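Heads up: the structure comes next, in structure tokens.
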Amino acid sequence: MRIVFFGNAATNIAAIRYRVIRFAEMLEADGHRCTVCLPSSFAIWDRLYGRGNRLTKLLYLLVCVGNRLLQLRHVPGADAVVLRGPLVYGGYGPPLLERLCHALNPRMVYDIDDAVWVAPDGVDSPFQRWANLDWIWAMGRLCVHGIVGNQYLADQVQGRSPEVTIIPTCIDMDRHRAKSYPEPIPGRPVTLGWTGLYSNLVNLDIIASPLQQLSADGNVKLHVATGRPYALDGVTVENEHWVVENEIRYLQQADIGLMPLLDTPSTRGKCAFKALQYMGVGTPCVVSPVGMNAEIIEDGVNGFLASTPEEWLDKLKQLVDDPALRERMGRAARQTVLERYSHAANYPKLKAALVSASGSGR
């Protein structure tokens with residue numbers, strides 16, 4: 001097969017690396033031809049959008065549209081065209097490029113791993129008002145197959161989309177190497193880890209009280225790897241500016257991974273990727289039982305679920321006080337990822353979805 005992948009962001013976004021590039025590499029190794037089209041390089045995104053002002057951000061959007069028009073030359077004759085989100089960066093405006101893509105090749109497949117029909121939590125952007133939250137419903141009419149990251153998303157699009165396949169945002173187990181569990185060093189603080197987009201830092205605030213109580217009672221620190229510093233009164237916070245080169249180190253150096261989530265329409269669609277990354281290297285997690293989080297964690301076996309501040313404090317304290325429990329849960333967590341959430345475990349489903357799409361719309 002010849003497959004064209006359109007990613008909706010640069011490589012700093014995990015979904016591009018793990019839902020697009022890694023699967024494209026696996027398909028290539030399997031004898032298929034893949035073309036990966038991104039809106040820009042990360043360097044251009046960082047210069048114009050990530051660290052830019054409103055004018056440079058507008059310029060970036062124009063650059064992306066120009067790139068997309070050039071990239072559409074790959075579409076005619078492809079066996080499948082995978083749209084990992086909107087073709088216009090940010091999903092602004094009507095899906096005109098998607099309609100042009102469909103005219104060139106109707107064998108289109110959409111791929112989502114978020115509730116893209118609702119505005120994301122914690123995003124304060126002047127451009128957000130122009131985001132097309134109905135993009136997914138238009139794709140349901142244009143595409144011959146849909147790929148979604150979890151059952152919640154599948155339930156929402158069923159009946160408004162063609163055939164749908166569930167493929168989680170998988171963990172690359174070649175990169176996510178198993179961590180070691182050295183003997184505890186007296187006086188060394190237990191590290192609680194959080195990593196992700198800075199717009200999601202609002203979720204950490206919901207466990208502020210348990211973190212403060214834990215800090216007052218014991219020797220712990222909070223390690224945060226994101227785009228902006230985080231501070232919490234009474235808690236020792238070690239901030240690092242997130243860079244992809246250090247991604248695995250962030251996950252391995254944490255003794256306990258954190259994934260608190262507010263229960264909103266947006267978070268219910270999330271694919272538990274933060275927790276899965278920690279689990280993939282053998283770091284046990286405490287997570288809110290929101291959306292897919294509740295699917296991946298067997299409470300007390302490969303991690304902990306916590307709903308209330310009291311539960312967060314109790315379950316974090318169990319892990320802080322018991323290194324053997326951390327190791328046992330961490331090993332079970334990694335095995336869960338290997339069996340159910342790795343690329344190797346899900347590649348056959350992706351390939352079958354693309355084969356199905358390639359036989360449609362000829």
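Convention: chains lettered A, B, ... in structure tokens order; per-chain residue numbering from 1; ligands numbered from 1 as shown.
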Inset, instruction - List every residue of region 32-213 of chain A that DSSP, applied to the backbone of this structure, assigns to strand (DSSP E or B), and report them as a PyMOL selection string. - result: chain A and resi 33-37+80-84+92+108-112+131+145-148+163-166+171+190-195
Would you write out those residues with C-alpha atoms, as a PDB file, in the first residue's frame?
ATOM      1  CA  ARG A  33       5.299   3.190   1.250  1.00  0.00           C
ATOM      2  CA  CYS A  34       4.465   6.052   3.579  1.00  0.00           C
ATOM      3  CA  THR A  35       4.608   9.821   3.235  1.00  0.00           C
ATOM      4  CA  VAL A  36       4.310  11.872   6.432  1.00  0.00           C
ATOM      5  CA  CYS A  37       3.173  15.479   5.940  1.00  0.00           C
ATOM      6  CA  ALA A  80      -5.219   5.547   2.019  1.00  0.00           C
ATOM      7  CA  VAL A  81      -4.947   9.136   3.265  1.00  0.00           C
ATOM      8  CA  VAL A  82      -4.885   9.480   7.049  1.00  0.00           C
ATOM      9  CA  LEU A  83      -5.914  12.820   8.552  1.00  0.00           C
ATOM     10  CA  ARG A  84      -4.515  13.067  12.069  1.00  0.00           C
ATOM     11  CA  TYR A  92      -9.602  27.084  12.155  1.00  0.00           C
ATOM     12  CA  MET A 108      -9.674   9.165   3.591  1.00  0.00           C
ATOM     13  CA  VAL A 109      -9.315   8.023   7.220  1.00  0.00           C
ATOM     14  CA  TYR A 110      -9.593  10.358  10.196  1.00  0.00           C
ATOM     15  CA  ASP A 111      -7.712   9.805  13.466  1.00  0.00           C
ATOM     16  CA  ILE A 112      -8.523  11.488  16.801  1.00  0.00           C
ATOM     17  CA  ALA A 131     -11.756  26.772  15.813  1.00  0.00           C
ATOM     18  CA  HIS A 145     -12.941   4.903   8.067  1.00  0.00           C
ATOM     19  CA  GLY A 146     -12.350   6.443  11.469  1.00  0.00           C
ATOM     20  CA  ILE A 147      -9.651   5.707  14.063  1.00  0.00           C
ATOM     21  CA  VAL A 148     -10.228   6.825  17.651  1.00  0.00           C
ATOM     22  CA  GLU A 163     -16.570   2.024  10.376  1.00  0.00           C
ATOM     23  CA  VAL A 164     -14.565   2.945  13.487  1.00  0.00           C
ATOM     24  CA  THR A 165     -11.455   1.254  14.925  1.00  0.00           C
ATOM     25  CA  ILE A 166     -10.169   1.891  18.460  1.00  0.00           C
ATOM     26  CA  ILE A 171       3.809   3.556  23.827  1.00  0.00           C
ATOM     27  CA  VAL A 190      10.561  10.447  46.927  1.00  0.00           C
ATOM     28  CA  THR A 191       9.875  12.084  43.552  1.00  0.00           C
ATOM     29  CA  LEU A 192       6.316  12.620  42.361  1.00  0.00           C
ATOM     30  CA  GLY A 193       6.304  13.252  38.599  1.00  0.00           C
ATOM     31  CA  TRP A 194       4.039  15.189  36.264  1.00  0.00           C
ATOM     32  CA  THR A 195       4.726  15.918  32.586  1.00  0.00           C
TER      33      THR A 195
END
Legend entry - Non-local contacts of Pro76 (chain A) (12 Å; only C-alpha atoms; under 6 positions in same chain excluded) as a list in words: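 Result of the neighbour search: Arg2, Ile3, Val4, Leu100, Cys101, His102, Ala103, Leu104, Asn105, Pro106, Arg107, Met108 and Arg362 of chain A.
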Using the selection just defined, write its residues with N, CA and C atoms as a PDB file, in the first residue's frame.
ATOM      1  N   ARG A   2       0.310   2.341  -0.527  1.00  0.00           N
ATOM      2  CA  ARG A   2       0.927   3.650  -0.390  1.00  0.00           C
ATOM      3  C   ARG A   2       0.019   4.502   0.480  1.00  0.00           C
ATOM      4  N   ILE A   3       0.540   4.958   1.606  1.00  0.00           N
ATOM      5  CA  ILE A   3      -0.264   5.689   2.589  1.00  0.00           C
ATOM      6  C   ILE A   3       0.321   7.073   2.794  1.00  0.00           C
ATOM      7  N   VAL A   4      -0.559   8.066   2.827  1.00  0.00           N
ATOM      8  CA  VAL A   4      -0.166   9.432   3.134  1.00  0.00           C
ATOM      9  C   VAL A   4      -0.729   9.784   4.501  1.00  0.00           C
ATOM     10  N   LEU A 100     -10.975  19.443  -0.612  1.00  0.00           N
ATOM     11  CA  LEU A 100     -10.088  19.350  -1.770  1.00  0.00           C
ATOM     12  C   LEU A 100      -9.352  18.013  -1.767  1.00  0.00           C
ATOM     13  N   CYS A 101      -8.903  17.587  -0.598  1.00  0.00           N
ATOM     14  CA  CYS A 101      -8.238  16.292  -0.471  1.00  0.00           C
ATOM     15  C   CYS A 101      -9.178  15.164  -0.895  1.00  0.00           C
ATOM     16  N   HIS A 102     -10.433  15.257  -0.493  1.00  0.00           N
ATOM     17  CA  HIS A 102     -11.416  14.238  -0.839  1.00  0.00           C
ATOM     18  C   HIS A 102     -11.661  14.195  -2.339  1.00  0.00           C
ATOM     19  N   ALA A 103     -11.650  15.367  -2.984  1.00  0.00           N
ATOM     20  CA  ALA A 103     -11.837  15.398  -4.432  1.00  0.00           C
ATOM     21  C   ALA A 103     -10.674  14.716  -5.143  1.00  0.00           C
ATOM     22  N   LEU A 104      -9.484  14.796  -4.547  1.00  0.00           N
ATOM     23  CA  LEU A 104      -8.304  14.165  -5.134  1.00  0.00           C
ATOM     24  C   LEU A 104      -8.234  12.674  -4.840  1.00  0.00           C
ATOM     25  N   ASN A 105      -8.815  12.271  -3.690  1.00  0.00           N
ATOM     26  CA  ASN A 105      -8.755  10.861  -3.291  1.00  0.00           C
ATOM     27  C   ASN A 105      -9.782  10.627  -2.177  1.00  0.00           C
ATOM     28  N   PRO A 106     -10.843   9.867  -2.436  1.00  0.00           N
ATOM     29  CA  PRO A 106     -11.877   9.662  -1.411  1.00  0.00           C
ATOM     30  C   PRO A 106     -11.515   8.640  -0.333  1.00  0.00           C
ATOM     31  N   ARG A 107     -10.371   7.989  -0.454  1.00  0.00           N
ATOM     32  CA  ARG A 107     -10.022   6.945   0.519  1.00  0.00           C
ATOM     33  C   ARG A 107      -9.379   7.579   1.750  1.00  0.00           C
ATOM     34  N   MET A 108     -10.162   8.402   2.446  1.00  0.00           N
ATOM     35  CA  MET A 108      -9.674   9.165   3.591  1.00  0.00           C
ATOM     36  C   MET A 108     -10.043   8.487   4.907  1.00  0.00           C
ATOM     37  N   ARG A 362     -13.090   3.406  -4.610  1.00  0.00           N
ATOM     38  CA  ARG A 362     -12.310   3.348  -5.851  1.00  0.00           C
ATOM     39  C   ARG A 362     -13.176   3.793  -7.046  1.00  0.00           C
TER      40      ARG A 362
END
Legend entry - Residue contacts of Leu197 (chain A) (8 Å, only C-alpha atoms) excluding same-chain residues fewer than 2 positions away, as a list in words: Thr195, Ser199, Asn200, Leu201, Thr226 and Gly227 of chain A
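For Thr283 (chain A), the residues within 6 Å (counting only C-alpha atoms, excluding itself and residues fewer than 3 positions away along the chain) are Ile256, Tyr278, Met279 and Gly330 of chain A.
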Any chance you can output those residues with C-alpha atoms as a CSV table (one decimal), in the first residue's frame?
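Result file again_19.csv:
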chain,number,residue,atom,x,y,z
A,256,ILE,CA,5.4,7.9,41.3
A,278,TYR,CA,5.0,6.5,33.2
A,279,MET,CA,3.7,2.9,33.2
A,330,GLY,CA,5.7,-0.5,38.4
Inset, instruction - Identify, with DSSP run on backbone atoms, the residues in region 124-186 of chain A assigned to alpha helix (DSSP H), and express the list as a list in words. - result: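 Answer for region 124-186 of chain A restricted to alpha helix (DSSP H) is Trp135, Ile136, Trp137, Ala138, Met139, Gly140, Arg141, Leu142, Gln151, Tyr152, Leu153, Ala154, Asp155, Gln156 and Val157 of chain A.
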Legend entry - Among the residues A:Asn302, A:Thr11, A:Asn150, A:Gln212, the one that comes closest to Gly257 (chain A) [using only C-alpha atoms]: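 Among A:Asn302, A:Thr11, A:Asn150, A:Gln212, it is A:Asn302 that comes nearest to Gly257 (chain A).
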Inset, instruction - Find the residues around Lys57 (chain A) up to 12 Å (only C-alpha atoms counted), leave out those fewer than 3 positions away in its own chain, and share them as number ranges by chain. - result: A: 44-54, 60-64, 89-90, 125-127
Inset, instruction - List the neighbours of Glu295 (chain A) out to 10 Å using only C-alpha atoms; skip same-chain residues closer than 5 positions along the sequence, and give me the result as a ChimeraX atom specification. - result: /A:150-151,271-272,289-290
Can I get the selection written as a PDB file, in the first residue's frame, with N, CA and C atoms?
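Okay, selection08.pdb is ready:
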ATOM      1  N   ASN A 150     -10.034   5.733  22.126  1.00  0.00           N
ATOM      2  CA  ASN A 150     -10.611   4.974  23.243  1.00  0.00           C
ATOM      3  C   ASN A 150     -12.100   4.741  23.016  1.00  0.00           C
ATOM      4  N   GLN A 151     -12.696   3.976  23.925  1.00  0.00           N
ATOM      5  CA  GLN A 151     -14.098   3.593  23.785  1.00  0.00           C
ATOM      6  C   GLN A 151     -15.029   4.785  23.911  1.00  0.00           C
ATOM      7  N   CYS A 271      -6.764  10.035  26.295  1.00  0.00           N
ATOM      8  CA  CYS A 271      -6.344   8.638  26.117  1.00  0.00           C
ATOM      9  C   CYS A 271      -5.339   8.168  27.158  1.00  0.00           C
ATOM     10  N   ALA A 272      -5.305   8.804  28.320  1.00  0.00           N
ATOM     11  CA  ALA A 272      -4.477   8.349  29.445  1.00  0.00           C
ATOM     12  C   ALA A 272      -2.999   8.270  29.091  1.00  0.00           C
ATOM     13  N   PRO A 289      -9.994   8.546  38.168  1.00  0.00           N
ATOM     14  CA  PRO A 289     -10.733   7.578  37.358  1.00  0.00           C
ATOM     15  C   PRO A 289     -11.659   8.274  36.366  1.00  0.00           C
ATOM     16  N   VAL A 290     -11.072   9.079  35.484  1.00  0.00           N
ATOM     17  CA  VAL A 290     -11.822   9.841  34.489  1.00  0.00           C
ATOM     18  C   VAL A 290     -11.479   9.295  33.112  1.00  0.00           C
TER      19      VAL A 290
END
Inset, instruction - For CA of Gly149 (chain A) and CA of Pro265 (chain A), determine how far apart the two atoms are, in Å to one decimal place. - result: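 Interatomic distance, CA of Gly149 (chain A) to CA of Pro265 (chain A): 15.1 Å.
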Legend entry - Shell of 12 Å around Val244 (chain A), only C-alpha atoms, local chain residues under 6 positions omitted, as a PyMOL selection string: chain A and resi 10-14+17+42+175+195-196+225-227+250-251
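Distance check against Gly66 (chain A) using only C-alpha atoms: of A:Val355, A:Val88, A:Leu338, A:Val118, the minimum falls on A:Val88.
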Inset, instruction - Identify which of the residues A:Gly77, A:Pro189, A:Pro348, A:Gly291 lies closest to Tyr152 (chain A), counting only C-alpha atoms when measuring atom-to-atom distances. - result: A:Gly291
Inset, instruction - Tell me which of A:Val116, A:Met1, A:Ala43, A:Ala306 sits closest to Glu28 (chain A), counting only C-alpha atoms. - result: A:Met1
Legend entry - Which of A:Pro162, A:Pro168, A:Pro86, A:Pro284 sits closest to Asp113 (chain A) [using only C-alpha atoms]: A:Pro168
